[in-house]
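For reference, entry37.pdb (PDB, C-alpha atoms, pLDDT in the B column):
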```pdb
ATOM      1  CA  MET A 197      13.750 -41.543 -47.220  1.00 37.00           C
ATOM      2  CA  VAL A 198      15.002 -41.453 -43.619  1.00 44.00           C
ATOM      3  CA  GLN A 199      12.610 -40.758 -40.770  1.00 49.00           C
ATOM      4  CA  ASN A 200      13.301 -37.484 -38.946  1.00 54.00           C
ATOM      5  CA  PRO A 201      14.207 -38.386 -35.307  1.00 60.00           C
ATOM      6  CA  ALA A 202      13.146 -34.951 -34.064  1.00 52.00           C
ATOM      7  CA  ARG A 203       9.722 -35.387 -35.624  1.00 57.00           C
ATOM      8  CA  GLY A 204       9.327 -38.769 -33.962  1.00 55.00           C
ATOM      9  CA  ALA A 205      10.409 -37.362 -30.597  1.00 61.00           C
ATOM     10  CA  ALA A 206       7.914 -34.506 -30.908  1.00 67.00           C
ATOM     11  CA  HIS A 207       5.109 -36.941 -31.642  1.00 61.00           C
ATOM     12  CA  GLY A 208       6.130 -39.076 -28.669  1.00 55.00           C
ATOM     13  CA  ALA A 209       6.000 -36.038 -26.388  1.00 69.00           C
ATOM     14  CA  LEU A 210       2.556 -35.150 -27.748  1.00 63.00           C
ATOM     15  CA  MET A 211       1.267 -38.676 -27.112  1.00 64.00           C
ATOM     16  CA  ASP A 212       2.652 -38.592 -23.569  1.00 60.00           C
ATOM     17  CA  SER A 213       0.811 -35.341 -22.909  1.00 57.00           C
ATOM     18  CA  VAL A 214      -2.428 -36.776 -24.328  1.00 57.00           C
ATOM     19  CA  TYR A 215      -2.280 -40.062 -22.435  1.00 56.00           C
ATOM     20  CA  LYS A 216      -0.631 -39.169 -19.155  1.00 56.00           C
ATOM     21  CA  GLY A 217      -4.064 -38.930 -17.563  1.00 51.00           C
ATOM     22  CA  GLN A 218      -6.198 -40.694 -20.149  1.00 58.00           C
ATOM     23  CA  ARG A 219      -4.318 -43.986 -19.930  1.00 53.00           C
ATOM     24  CA  HIS A 220      -6.063 -44.718 -16.632  1.00 50.00           C
ATOM     25  CA  ILE A 221      -9.523 -44.677 -18.265  1.00 55.00           C
ATOM     26  CA  TYR A 222      -8.539 -45.501 -21.851  1.00 56.00           C
ATOM     27  CA  ASP A 223      -9.818 -49.077 -22.033  1.00 57.00           C
ATOM     28  CA  LEU A 224     -13.035 -48.246 -20.207  1.00 48.00           C
ATOM     29  CA  THR A 225     -13.956 -45.448 -22.620  1.00 53.00           C
ATOM     30  CA  ARG A 226     -12.605 -46.721 -25.952  1.00 63.00           C
ATOM     31  CA  LYS A 227     -14.694 -49.881 -25.993  1.00 60.00           C
ATOM     32  CA  TYR A 228     -17.680 -47.724 -26.910  1.00 48.00           C
ATOM     33  CA  TYR A 229     -16.281 -46.489 -30.222  1.00 66.00           C
ATOM     34  CA  LEU A 230     -13.175 -48.467 -31.272  1.00 82.00           C
ATOM     35  CA  PHE A 231     -15.167 -51.152 -33.045  1.00 89.00           C
ATOM     36  CA  GLY A 232     -13.619 -54.009 -34.993  1.00 93.00           C
ATOM     37  CA  ARG A 233     -10.678 -54.652 -32.696  1.00 94.00           C
ATOM     38  CA  ASP A 234     -11.897 -58.014 -31.476  1.00 94.00           C
ATOM     39  CA  THR A 235     -12.849 -59.002 -35.021  1.00 96.00           C
ATOM     40  CA  LEU A 236      -9.237 -58.385 -35.991  1.00 97.00           C
ATOM     41  CA  LEU A 237      -7.897 -60.432 -33.072  1.00 96.00           C
ATOM     42  CA  GLU A 238     -10.193 -63.355 -33.897  1.00 96.00           C
ATOM     43  CA  GLY A 239      -8.795 -63.377 -37.425  1.00 97.00           C
ATOM     44  CA  LEU A 240      -5.134 -63.660 -36.430  1.00 98.00           C
ATOM     45  CA  ASP A 241      -5.200 -67.463 -36.593  1.00 97.00           C
ATOM     46  CA  ALA A 242      -1.956 -67.570 -34.608  1.00 98.00           C
ATOM     47  CA  THR A 243      -0.281 -70.785 -33.516  1.00 98.00           C
ATOM     48  CA  PRO A 244       2.054 -71.527 -30.594  1.00 98.00           C
ATOM     49  CA  GLY A 245       5.534 -70.123 -31.055  1.00 97.00           C
ATOM     50  CA  MET A 246       4.501 -67.356 -33.453  1.00 97.00           C
ATOM     51  CA  ARG A 247       5.852 -63.891 -32.742  1.00 97.00           C
ATOM     52  CA  VAL A 248       2.967 -61.416 -32.544  1.00 98.00           C
ATOM     53  CA  LEU A 249       3.843 -57.709 -32.539  1.00 98.00           C
ATOM     54  CA  GLU A 250       1.435 -54.866 -31.915  1.00 98.00           C
ATOM     55  CA  VAL A 251       2.745 -51.541 -33.171  1.00 98.00           C
ATOM     56  CA  ALA A 252       1.380 -48.742 -30.976  1.00 95.00           C
ATOM     57  CA  CYS A 253       0.228 -51.240 -28.349  1.00 96.00           C
ATOM     58  CA  GLY A 254      -1.120 -48.616 -25.964  1.00 92.00           C
ATOM     59  CA  THR A 255      -2.333 -50.065 -22.679  1.00 92.00           C
ATOM     60  CA  GLY A 256      -1.629 -53.648 -23.762  1.00 94.00           C
ATOM     61  CA  ARG A 257      -5.337 -54.480 -23.977  1.00 94.00           C
ATOM     62  CA  ASN A 258      -5.074 -56.145 -27.379  1.00 96.00           C
ATOM     63  CA  LEU A 259      -1.922 -58.095 -26.541  1.00 97.00           C
ATOM     64  CA  ALA A 260      -3.548 -59.468 -23.402  1.00 95.00           C
ATOM     65  CA  LYS A 261      -6.480 -60.676 -25.488  1.00 96.00           C
ATOM     66  CA  VAL A 262      -4.137 -62.199 -28.075  1.00 97.00           C
ATOM     67  CA  GLY A 263      -2.410 -64.172 -25.335  1.00 97.00           C
ATOM     68  CA  GLN A 264      -5.754 -65.437 -24.056  1.00 96.00           C
ATOM     69  CA  ARG A 265      -7.183 -66.288 -27.471  1.00 97.00           C
ATOM     70  CA  TRP A 266      -4.013 -67.745 -28.964  1.00 97.00           C
ATOM     71  CA  PRO A 267      -2.048 -69.464 -26.154  1.00 97.00           C
ATOM     72  CA  GLY A 268       1.600 -70.147 -26.705  1.00 97.00           C
ATOM     73  CA  VAL A 269       2.351 -67.172 -28.955  1.00 98.00           C
ATOM     74  CA  ARG A 270       5.243 -64.825 -28.173  1.00 97.00           C
ATOM     75  CA  LEU A 271       3.989 -61.290 -27.536  1.00 98.00           C
ATOM     76  CA  TYR A 272       5.757 -58.036 -28.413  1.00 98.00           C
ATOM     77  CA  GLY A 273       4.473 -54.486 -27.975  1.00 97.00           C
ATOM     78  CA  LEU A 274       5.878 -51.213 -29.295  1.00 97.00           C
ATOM     79  CA  ASP A 275       4.671 -47.721 -28.423  1.00 96.00           C
ATOM     80  CA  ILE A 276       6.051 -44.226 -28.818  1.00 93.00           C
ATOM     81  CA  SER A 277       4.427 -43.125 -25.552  1.00 91.00           C
ATOM     82  CA  SER A 278       6.291 -43.960 -22.369  1.00 90.00           C
ATOM     83  CA  GLU A 279       3.097 -43.139 -20.476  1.00 90.00           C
ATOM     84  CA  MET A 280       1.075 -45.764 -22.327  1.00 89.00           C
ATOM     85  CA  LEU A 281       3.818 -48.318 -21.773  1.00 95.00           C
ATOM     86  CA  LYS A 282       3.423 -47.844 -18.022  1.00 93.00           C
ATOM     87  CA  SER A 283      -0.113 -49.166 -18.335  1.00 92.00           C
ATOM     88  CA  ALA A 284       0.940 -51.931 -20.701  1.00 94.00           C
ATOM     89  CA  ARG A 285       3.634 -53.172 -18.332  1.00 94.00           C
ATOM     90  CA  LYS A 286       1.146 -53.204 -15.477  1.00 92.00           C
ATOM     91  CA  ALA A 287      -1.439 -55.082 -17.547  1.00 90.00           C
ATOM     92  CA  LEU A 288       0.913 -57.621 -19.096  1.00 94.00           C
ATOM     93  CA  GLY A 289       3.622 -58.083 -16.500  1.00 89.00           C
ATOM     94  CA  GLY A 290       6.209 -60.415 -17.970  1.00 88.00           C
ATOM     95  CA  GLU A 291       3.867 -61.916 -20.559  1.00 94.00           C
ATOM     96  CA  ALA A 292       5.142 -59.664 -23.349  1.00 97.00           C
ATOM     97  CA  LYS A 293       8.322 -57.917 -24.418  1.00 97.00           C
ATOM     98  CA  LEU A 294       7.571 -54.193 -24.497  1.00 97.00           C
ATOM     99  CA  GLY A 295       9.641 -51.358 -25.864  1.00 96.00           C
ATOM    100  CA  GLU A 296       9.484 -47.675 -26.722  1.00 95.00           C
ATOM    101  CA  GLY A 297       9.928 -46.729 -30.348  1.00 95.00           C
ATOM    102  CA  ASP A 298       8.671 -44.915 -33.431  1.00 96.00           C
ATOM    103  CA  ALA A 299       6.301 -46.927 -35.638  1.00 96.00           C
ATOM    104  CA  CYS A 300       8.016 -45.471 -38.705  1.00 95.00           C
ATOM    105  CA  ALA A 301      11.587 -46.442 -37.880  1.00 94.00           C
ATOM    106  CA  PHE A 302      12.010 -48.839 -34.964  1.00 95.00           C
ATOM    107  CA  ASP A 303      14.790 -51.411 -34.760  1.00 94.00           C
ATOM    108  CA  PRO A 304      13.251 -54.582 -33.260  1.00 95.00           C
ATOM    109  CA  VAL A 305      16.646 -55.939 -32.214  1.00 94.00           C
ATOM    110  CA  LYS A 306      17.399 -52.853 -30.118  1.00 94.00           C
ATOM    111  CA  VAL A 307      13.864 -52.235 -28.891  1.00 95.00           C
ATOM    112  CA  PHE A 308      13.270 -55.785 -27.699  1.00 95.00           C
ATOM    113  CA  GLU A 309      16.918 -56.732 -27.057  1.00 91.00           C
ATOM    114  CA  GLU A 310      16.544 -59.908 -29.088  1.00 90.00           C
ATOM    115  CA  PRO A 311      19.287 -60.247 -31.743  1.00 87.00           C
ATOM    116  CA  GLY A 312      17.540 -62.959 -33.761  1.00 84.00           C
ATOM    117  CA  LEU A 313      14.663 -60.653 -34.677  1.00 83.00           C
ATOM    118  CA  ASP A 314      16.667 -59.123 -37.518  1.00 80.00           C
ATOM    119  CA  GLU A 315      16.404 -62.453 -39.298  1.00 78.00           C
ATOM    120  CA  ARG A 316      13.183 -64.059 -38.024  1.00 82.00           C
ATOM    121  CA  ARG A 317      10.929 -61.032 -37.720  1.00 94.00           C
ATOM    122  CA  PHE A 318       7.223 -61.391 -36.894  1.00 97.00           C
ATOM    123  CA  GLU A 319       4.581 -63.864 -38.040  1.00 98.00           C
ATOM    124  CA  ARG A 320       1.750 -61.531 -37.055  1.00 98.00           C
ATOM    125  CA  ILE A 321       1.744 -57.737 -36.768  1.00 98.00           C
ATOM    126  CA  VAL A 322      -1.199 -55.663 -35.543  1.00 98.00           C
ATOM    127  CA  LEU A 323      -2.016 -52.001 -36.154  1.00 98.00           C
ATOM    128  CA  SER A 324      -5.192 -51.248 -34.219  1.00 97.00           C
ATOM    129  CA  TYR A 325      -6.602 -47.708 -34.394  1.00 95.00           C
ATOM    130  CA  SER A 326      -3.058 -46.383 -34.484  1.00 95.00           C
ATOM    131  CA  LEU A 327      -2.602 -45.143 -38.054  1.00 98.00           C
ATOM    132  CA  SER A 328      -5.274 -42.518 -37.391  1.00 96.00           C
ATOM    133  CA  MET A 329      -2.933 -41.012 -34.778  1.00 93.00           C
ATOM    134  CA  ILE A 330       0.395 -41.343 -36.616  1.00 95.00           C
ATOM    135  CA  PRO A 331       1.227 -38.277 -38.758  1.00 93.00           C
ATOM    136  CA  ASP A 332       3.287 -40.235 -41.311  1.00 95.00           C
ATOM    137  CA  TRP A 333       0.832 -43.117 -41.300  1.00 97.00           C
ATOM    138  CA  GLU A 334       1.632 -44.478 -44.766  1.00 98.00           C
ATOM    139  CA  ARG A 335       5.272 -44.839 -43.796  1.00 97.00           C
ATOM    140  CA  ALA A 336       4.251 -46.614 -40.604  1.00 98.00           C
ATOM    141  CA  LEU A 337       2.082 -49.034 -42.571  1.00 98.00           C
ATOM    142  CA  ASP A 338       4.857 -49.750 -45.041  1.00 98.00           C
ATOM    143  CA  TYR A 339       7.444 -50.180 -42.298  1.00 97.00           C
ATOM    144  CA  ALA A 340       5.230 -52.648 -40.459  1.00 98.00           C
ATOM    145  CA  ALA A 341       4.875 -54.626 -43.685  1.00 98.00           C
ATOM    146  CA  SER A 342       8.666 -54.716 -43.982  1.00 97.00           C
ATOM    147  CA  GLN A 343       8.904 -56.490 -40.623  1.00 97.00           C
ATOM    148  CA  LEU A 344       6.858 -59.539 -41.668  1.00 97.00           C
ATOM    149  CA  ALA A 345       8.406 -62.990 -41.575  1.00 96.00           C
ATOM    150  CA  PRO A 346       7.852 -65.273 -44.594  1.00 96.00           C
ATOM    151  CA  GLY A 347       4.223 -66.316 -44.493  1.00 97.00           C
ATOM    152  CA  GLY A 348       3.457 -63.580 -41.972  1.00 98.00           C
ATOM    153  CA  GLU A 349       0.413 -61.322 -41.893  1.00 98.00           C
ATOM    154  CA  LEU A 350      -0.131 -57.662 -41.067  1.00 98.00           C
ATOM    155  CA  HIS A 351      -3.617 -57.033 -39.634  1.00 98.00           C
ATOM    156  CA  VAL A 352      -4.926 -53.456 -39.634  1.00 98.00           C
ATOM    157  CA  VAL A 353      -8.103 -51.980 -38.203  1.00 98.00           C
ATOM    158  CA  ASP A 354      -8.962 -48.295 -38.072  1.00 97.00           C
ATOM    159  CA  PHE A 355     -11.713 -45.782 -38.668  1.00 96.00           C
ATOM    160  CA  GLY A 356     -13.347 -45.984 -42.075  1.00 96.00           C
ATOM    161  CA  ASP A 357     -14.489 -43.059 -44.177  1.00 95.00           C
ATOM    162  CA  LEU A 358     -17.813 -42.906 -42.264  1.00 96.00           C
ATOM    163  CA  SER A 359     -19.663 -42.705 -45.573  1.00 95.00           C
ATOM    164  CA  GLY A 360     -22.573 -44.740 -44.231  1.00 96.00           C
ATOM    165  CA  LEU A 361     -23.328 -42.245 -41.485  1.00 95.00           C
ATOM    166  CA  PRO A 362     -25.523 -39.158 -41.961  1.00 96.00           C
ATOM    167  CA  GLY A 363     -23.370 -36.217 -43.033  1.00 96.00           C
ATOM    168  CA  PRO A 364     -23.853 -34.095 -39.898  1.00 97.00           C
ATOM    169  CA  LEU A 365     -23.086 -37.070 -37.628  1.00 96.00           C
ATOM    170  CA  ALA A 366     -19.929 -37.939 -39.563  1.00 96.00           C
ATOM    171  CA  LYS A 367     -18.793 -34.307 -39.373  1.00 96.00           C
ATOM    172  CA  LEU A 368     -19.464 -34.200 -35.645  1.00 96.00           C
ATOM    173  CA  LEU A 369     -17.509 -37.407 -35.093  1.00 95.00           C
ATOM    174  CA  ARG A 370     -14.532 -36.180 -37.131  1.00 96.00           C
ATOM    175  CA  GLY A 371     -14.476 -32.960 -35.134  1.00 96.00           C
ATOM    176  CA  TRP A 372     -14.631 -34.816 -31.843  1.00 92.00           C
ATOM    177  CA  LEU A 373     -11.824 -37.188 -32.887  1.00 92.00           C
ATOM    178  CA  ALA A 374      -9.653 -34.246 -33.927  1.00 93.00           C
ATOM    179  CA  ARG A 375      -9.673 -33.046 -30.315  1.00 89.00           C
ATOM    180  CA  PHE A 376      -7.638 -36.188 -29.518  1.00 87.00           C
ATOM    181  CA  HIS A 377      -5.314 -35.766 -32.524  1.00 89.00           C
ATOM    182  CA  VAL A 378      -7.154 -38.490 -34.438  1.00 93.00           C
ATOM    183  CA  ALA A 379      -7.937 -38.262 -38.163  1.00 95.00           C
ATOM    184  CA  THR A 380      -9.731 -40.860 -40.252  1.00 97.00           C
ATOM    185  CA  ARG A 381      -7.524 -42.268 -43.028  1.00 97.00           C
ATOM    186  CA  ASP A 382      -9.948 -42.311 -45.912  1.00 96.00           C
ATOM    187  CA  THR A 383      -7.255 -43.492 -48.355  1.00 97.00           C
ATOM    188  CA  LEU A 384      -6.006 -46.345 -46.155  1.00 98.00           C
ATOM    189  CA  GLY A 385      -7.403 -48.941 -48.546  1.00 98.00           C
ATOM    190  CA  GLU A 386      -5.550 -47.408 -51.482  1.00 98.00           C
ATOM    191  CA  ALA A 387      -2.315 -47.194 -49.489  1.00 98.00           C
ATOM    192  CA  ALA A 388      -2.638 -50.810 -48.371  1.00 98.00           C
ATOM    193  CA  HIS A 389      -3.181 -51.881 -51.989  1.00 98.00           C
ATOM    194  CA  ARG A 390      -0.111 -49.967 -53.170  1.00 98.00           C
ATOM    195  CA  ILE A 391       2.135 -51.296 -50.405  1.00 98.00           C
ATOM    196  CA  ALA A 392       0.930 -54.847 -50.944  1.00 98.00           C
ATOM    197  CA  LYS A 393       1.704 -54.585 -54.659  1.00 98.00           C
ATOM    198  CA  GLU A 394       5.147 -53.066 -54.092  1.00 98.00           C
ATOM    199  CA  ARG A 395       6.122 -55.714 -51.534  1.00 97.00           C
ATOM    200  CA  GLY A 396       4.573 -58.695 -53.274  1.00 97.00           C
ATOM    201  CA  LEU A 397       1.933 -59.236 -50.581  1.00 98.00           C
ATOM    202  CA  THR A 398      -1.668 -60.331 -50.930  1.00 98.00           C
ATOM    203  CA  LEU A 399      -4.378 -58.036 -49.592  1.00 98.00           C
ATOM    204  CA  THR A 400      -7.847 -58.747 -48.274  1.00 98.00           C
ATOM    205  CA  SER A 401     -10.087 -55.941 -47.057  1.00 98.00           C
ATOM    206  CA  ARG A 402     -13.508 -55.442 -45.541  1.00 97.00           C
ATOM    207  CA  ARG A 403     -15.534 -52.643 -44.025  1.00 96.00           C
ATOM    208  CA  GLY A 404     -17.711 -52.531 -40.961  1.00 95.00           C
ATOM    209  CA  ARG A 405     -21.285 -51.320 -40.859  1.00 93.00           C
ATOM    210  CA  PHE A 406     -21.789 -47.740 -42.091  1.00 93.00           C
ATOM    211  CA  SER A 407     -18.089 -47.794 -43.127  1.00 95.00           C
ATOM    212  CA  TYR A 408     -17.352 -46.915 -39.505  1.00 95.00           C
ATOM    213  CA  PHE A 409     -14.234 -49.079 -39.487  1.00 97.00           C
ATOM    214  CA  GLN A 410     -12.061 -50.843 -42.035  1.00 98.00           C
ATOM    215  CA  LEU A 411     -10.026 -54.044 -41.801  1.00 98.00           C
ATOM    216  CA  HIS A 412      -7.068 -54.972 -44.000  1.00 98.00           C
ATOM    217  CA  VAL A 413      -4.803 -58.022 -43.986  1.00 98.00           C
ATOM    218  CA  LEU A 414      -1.510 -57.932 -45.901  1.00 98.00           C
ATOM    219  CA  ALA A 415      -0.012 -61.412 -46.157  1.00 98.00           C
ATOM    220  CA  ALA A 416       3.524 -62.379 -47.170  1.00 97.00           C
ATOM    221  CA  ARG A 417       4.468 -65.443 -49.165  1.00 92.00           C
ATOM    222  CA  GLY A 418       5.866 -68.412 -47.319  1.00 85.00           C
ATOM    223  CA  ALA A 419       9.545 -69.328 -47.404  1.00 73.00           C
ATOM    224  CA  ASP A 420      10.702 -70.966 -50.621  1.00 65.00           C
TER     225      ASP A 420
END
```

In structure tokens, write the structure found in this file.
Amino acid sequence: MVQNPARGAAHGALMDSVYKGQRHIYDLTRKYYLFGRDTLLEGLDATPGMRVLEVACGTGRNLAKVGQRWPGVRLYGLDISSEMLKSARKALGGEAKLGEGDACAFDPVKVFEEPGLDERRFERIVLSYSLSMIPDWERALDYAASQLAPGGELHVVDFGDLSGLPGPLAKLLRGWLARFHVATRDTLGEAAHRIAKERGLTLTSRRGRFSYFQLHVLAARGAD
């Protein structure tokens, strides 16, 4: 099934409207409720020369931390919001290749102007609290998995089903998140399992305290 370009453009315009002002305070405010991001980054186990892509890289906060924690890796960041990319470029300078594109249908060769990417792809891919903002999130997850190099890993962190929180608190949080066009993906684990099975990947999963966040790693086999 082909991604609808008009739908992607509409979502990009929505994200620009949401983050045009928020991008200036995004990192300061999100650290109080986007838990599990640093746990994900610590688990990348990246080595020098690896290509690390963050899909929906936002302000570049995670990529900057990847570069600090795993020196020598090659950083790439994709986002559908041109506004967020302004912040990412300021934060990362020339330390990463950044490009605008749809998580469901981007062409890495065109986005990053690097012809070899159609063959080499990425050894590590990160989706950090992005699927909860992408309407066609299962497609985005599957497409990210399709961009893995042999032996590569897709690391995902996002809101969990909040089942460990008191009912009224979970309802209040969901309502508050909805104001920012965020929806918890309660079936993310099932989707990750299905995609891993279809693509011959291994899957490991864990949940944070109170099921507030969930972490999934989809790993590809090494080259024969």

task: Could you expand the PyMOL selection byres ((chain A and resi 343) around 12) into the explicit residues it covers here, written as a PyMOL selection string?
output: chain A and resi 247-251+299-305+313-322+336-342+344-350+395+414-416

message: Just want the 8 Å neighbourhood of range 291-298 of chain A, counted on all atoms listed in the file, with same-chain residues fewer than 5 positions away dropped. Output as a ChimeraX atom specification.
response: /A:204,208,259,270-278,281,284-285,307-308

Same residues, C-alpha atoms, saved as a PDB file, in the frame of the given file:
```
ATOM      1  CA  GLY A 204       9.327 -38.769 -33.962  1.00 55.00           C
ATOM      2  CA  GLY A 208       6.130 -39.076 -28.669  1.00 55.00           C
ATOM      3  CA  LEU A 259      -1.922 -58.095 -26.541  1.00 97.00           C
ATOM      4  CA  ARG A 270       5.243 -64.825 -28.173  1.00 97.00           C
ATOM      5  CA  LEU A 271       3.989 -61.290 -27.536  1.00 98.00           C
ATOM      6  CA  TYR A 272       5.757 -58.036 -28.413  1.00 98.00           C
ATOM      7  CA  GLY A 273       4.473 -54.486 -27.975  1.00 97.00           C
ATOM      8  CA  LEU A 274       5.878 -51.213 -29.295  1.00 97.00           C
ATOM      9  CA  ASP A 275       4.671 -47.721 -28.423  1.00 96.00           C
ATOM     10  CA  ILE A 276       6.051 -44.226 -28.818  1.00 93.00           C
ATOM     11  CA  SER A 277       4.427 -43.125 -25.552  1.00 91.00           C
ATOM     12  CA  SER A 278       6.291 -43.960 -22.369  1.00 90.00           C
ATOM     13  CA  LEU A 281       3.818 -48.318 -21.773  1.00 95.00           C
ATOM     14  CA  ALA A 284       0.940 -51.931 -20.701  1.00 94.00           C
ATOM     15  CA  ARG A 285       3.634 -53.172 -18.332  1.00 94.00           C
ATOM     16  CA  VAL A 307      13.864 -52.235 -28.891  1.00 95.00           C
ATOM     17  CA  PHE A 308      13.270 -55.785 -27.699  1.00 95.00           C
TER      18      PHE A 308
END
```

Run the PyMOL selection byres ((chain A and resi 402) around 7) against the file shown and list the residues it catches, as a PDB file with C-alpha atoms, in the frame of the given file.
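Printed below is result.pdb as written:
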```pdb
ATOM      1  CA  SER A 401     -10.087 -55.941 -47.057  1.00 98.00           C
ATOM      2  CA  ARG A 403     -15.534 -52.643 -44.025  1.00 96.00           C
ATOM      3  CA  GLY A 404     -17.711 -52.531 -40.961  1.00 95.00           C
ATOM      4  CA  GLN A 410     -12.061 -50.843 -42.035  1.00 98.00           C
ATOM      5  CA  LEU A 411     -10.026 -54.044 -41.801  1.00 98.00           C
ATOM      6  CA  HIS A 412      -7.068 -54.972 -44.000  1.00 98.00           C
TER       7      HIS A 412
END
```

task: Step by step, work through what the PyMOL selection byres ((chain A and resi 398) around 8) selects in the shown file, and finish by giving those residues as a list in words.
output: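 Against this file, the PyMOL selection byres ((chain A and resi 398) around 8) returns the residues Ala392, Lys393, Gly396, Leu397, Leu399, Thr400, Val413, Leu414, Ala415 and Ala416 of chain A.
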
task: Find the spatial neighbours of Asn258 in chain A, counting all atoms listed in the file, within a cut-off of 9 Å - ignore same-chain residues fewer than 3 positions away - and output them as a PyMOL selection string.
output: chain A and resi 233-234+237+250+253-255+261-263+324

- request: Identify which of the residues A:Gly256, A:Gly245, A:Gly232, A:Gly418 lies closest to Lys282 in chain A, counting all atoms listed in the file when measuring atom-to-atom distances.
  value: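 Residue with the minimum atom-to-atom distance to Lys282 in chain A: A:Gly256.
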
query: So, counting only C-alpha atoms, which residue among A:Lys306, A:Gly239, A:Val353, A:Met329 is closest to His377 in chain A?
result: A:Met329

- prompt: Got a sec: who's within 12 Å of Thr383 in chain A, counting all atoms listed in the file, leaving out chain neighbours fewer than 5 positions off, as a PyMOL selection string?
  reply: chain A and resi 327-328+333-334+354-357+388-390+410

Writing out the chosen residues with C-alpha atoms as a compact mmCIF listing (two decimals), in the frame of the given file:
```
# COMPACT_ATOMS: atom_id res chain seq x y z
CA LEU A 327 -2.60 -45.14 -38.05
CA SER A 328 -5.27 -42.52 -37.39
CA TRP A 333 0.83 -43.12 -41.30
CA GLU A 334 1.63 -44.48 -44.77
CA ASP A 354 -8.96 -48.30 -38.07
CA PHE A 355 -11.71 -45.78 -38.67
CA GLY A 356 -13.35 -45.98 -42.08
CA ASP A 357 -14.49 -43.06 -44.18
CA ALA A 388 -2.64 -50.81 -48.37
CA HIS A 389 -3.18 -51.88 -51.99
CA ARG A 390 -0.11 -49.97 -53.17
CA GLN A 410 -12.06 -50.84 -42.04
```

- request: Enter the distance from CA of Ser407 in chain A to CA of Gly360 in chain A, in Å, rounded to one decimal.
  value: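 A separation of 5.5 Å between them.
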
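The gap separating CA of His351 in chain A from CA of Gln264 in chain A is 17.8 Å, in Å to one decimal.
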
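Note that the spacing between CA of Asp332 in chain A and CA of Phe406 in chain A amounts to 26.2 Å.
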
Subset file: range 387-398 of chain A, N, CA, C and O atoms, as a CSV table (one decimal), in the first residue's frame:
```csv
chain,number,residue,atom,x,y,z
A,387,ALA,N,2.0,-5.1,17.7
A,387,ALA,CA,2.5,-4.7,16.4
A,387,ALA,C,3.9,-5.0,16.2
A,387,ALA,O,4.4,-5.4,15.1
A,388,ALA,N,4.7,-4.7,17.2
A,388,ALA,CA,6.2,-5.0,17.1
A,388,ALA,C,6.4,-6.5,16.9
A,388,ALA,O,7.2,-6.9,16.1
A,389,HIS,N,5.6,-7.3,17.6
A,389,HIS,CA,5.7,-8.8,17.5
A,389,HIS,C,5.4,-9.2,16.1
A,389,HIS,O,6.1,-10.0,15.5
A,390,ARG,N,4.3,-8.7,15.5
A,390,ARG,CA,3.9,-9.1,14.2
A,390,ARG,C,4.9,-8.7,13.2
A,390,ARG,O,5.3,-9.5,12.3
A,391,ILE,N,5.4,-7.4,13.3
A,391,ILE,CA,6.4,-6.9,12.3
A,391,ILE,C,7.7,-7.7,12.4
A,391,ILE,O,8.3,-8.1,11.4
A,392,ALA,N,8.1,-8.0,13.6
A,392,ALA,CA,9.3,-8.8,13.8
A,392,ALA,C,9.2,-10.2,13.1
A,392,ALA,O,10.1,-10.7,12.5
A,393,LYS,N,8.0,-10.8,13.3
A,393,LYS,CA,7.8,-12.1,12.7
A,393,LYS,C,7.8,-12.1,11.2
A,393,LYS,O,8.4,-12.9,10.6
A,394,GLU,N,7.1,-11.1,10.7
A,394,GLU,CA,7.0,-10.9,9.2
A,394,GLU,C,8.4,-10.7,8.6
A,394,GLU,O,8.6,-11.1,7.4
A,395,ARG,N,9.2,-9.9,9.3
A,395,ARG,CA,10.5,-9.6,8.7
A,395,ARG,C,11.7,-10.4,9.2
A,395,ARG,O,12.8,-10.1,8.9
A,396,GLY,N,11.4,-11.4,9.9
A,396,GLY,CA,12.4,-12.3,10.4
A,396,GLY,C,13.4,-11.7,11.4
A,396,GLY,O,14.6,-12.0,11.4
A,397,LEU,N,12.8,-10.8,12.2
A,397,LEU,CA,13.6,-10.1,13.3
A,397,LEU,C,13.4,-10.7,14.6
A,397,LEU,O,12.4,-11.4,14.9
A,398,THR,N,14.3,-10.6,15.5
A,398,THR,CA,14.1,-10.9,16.9
A,398,THR,C,13.6,-9.7,17.7
A,398,THR,O,13.9,-8.6,17.3
```
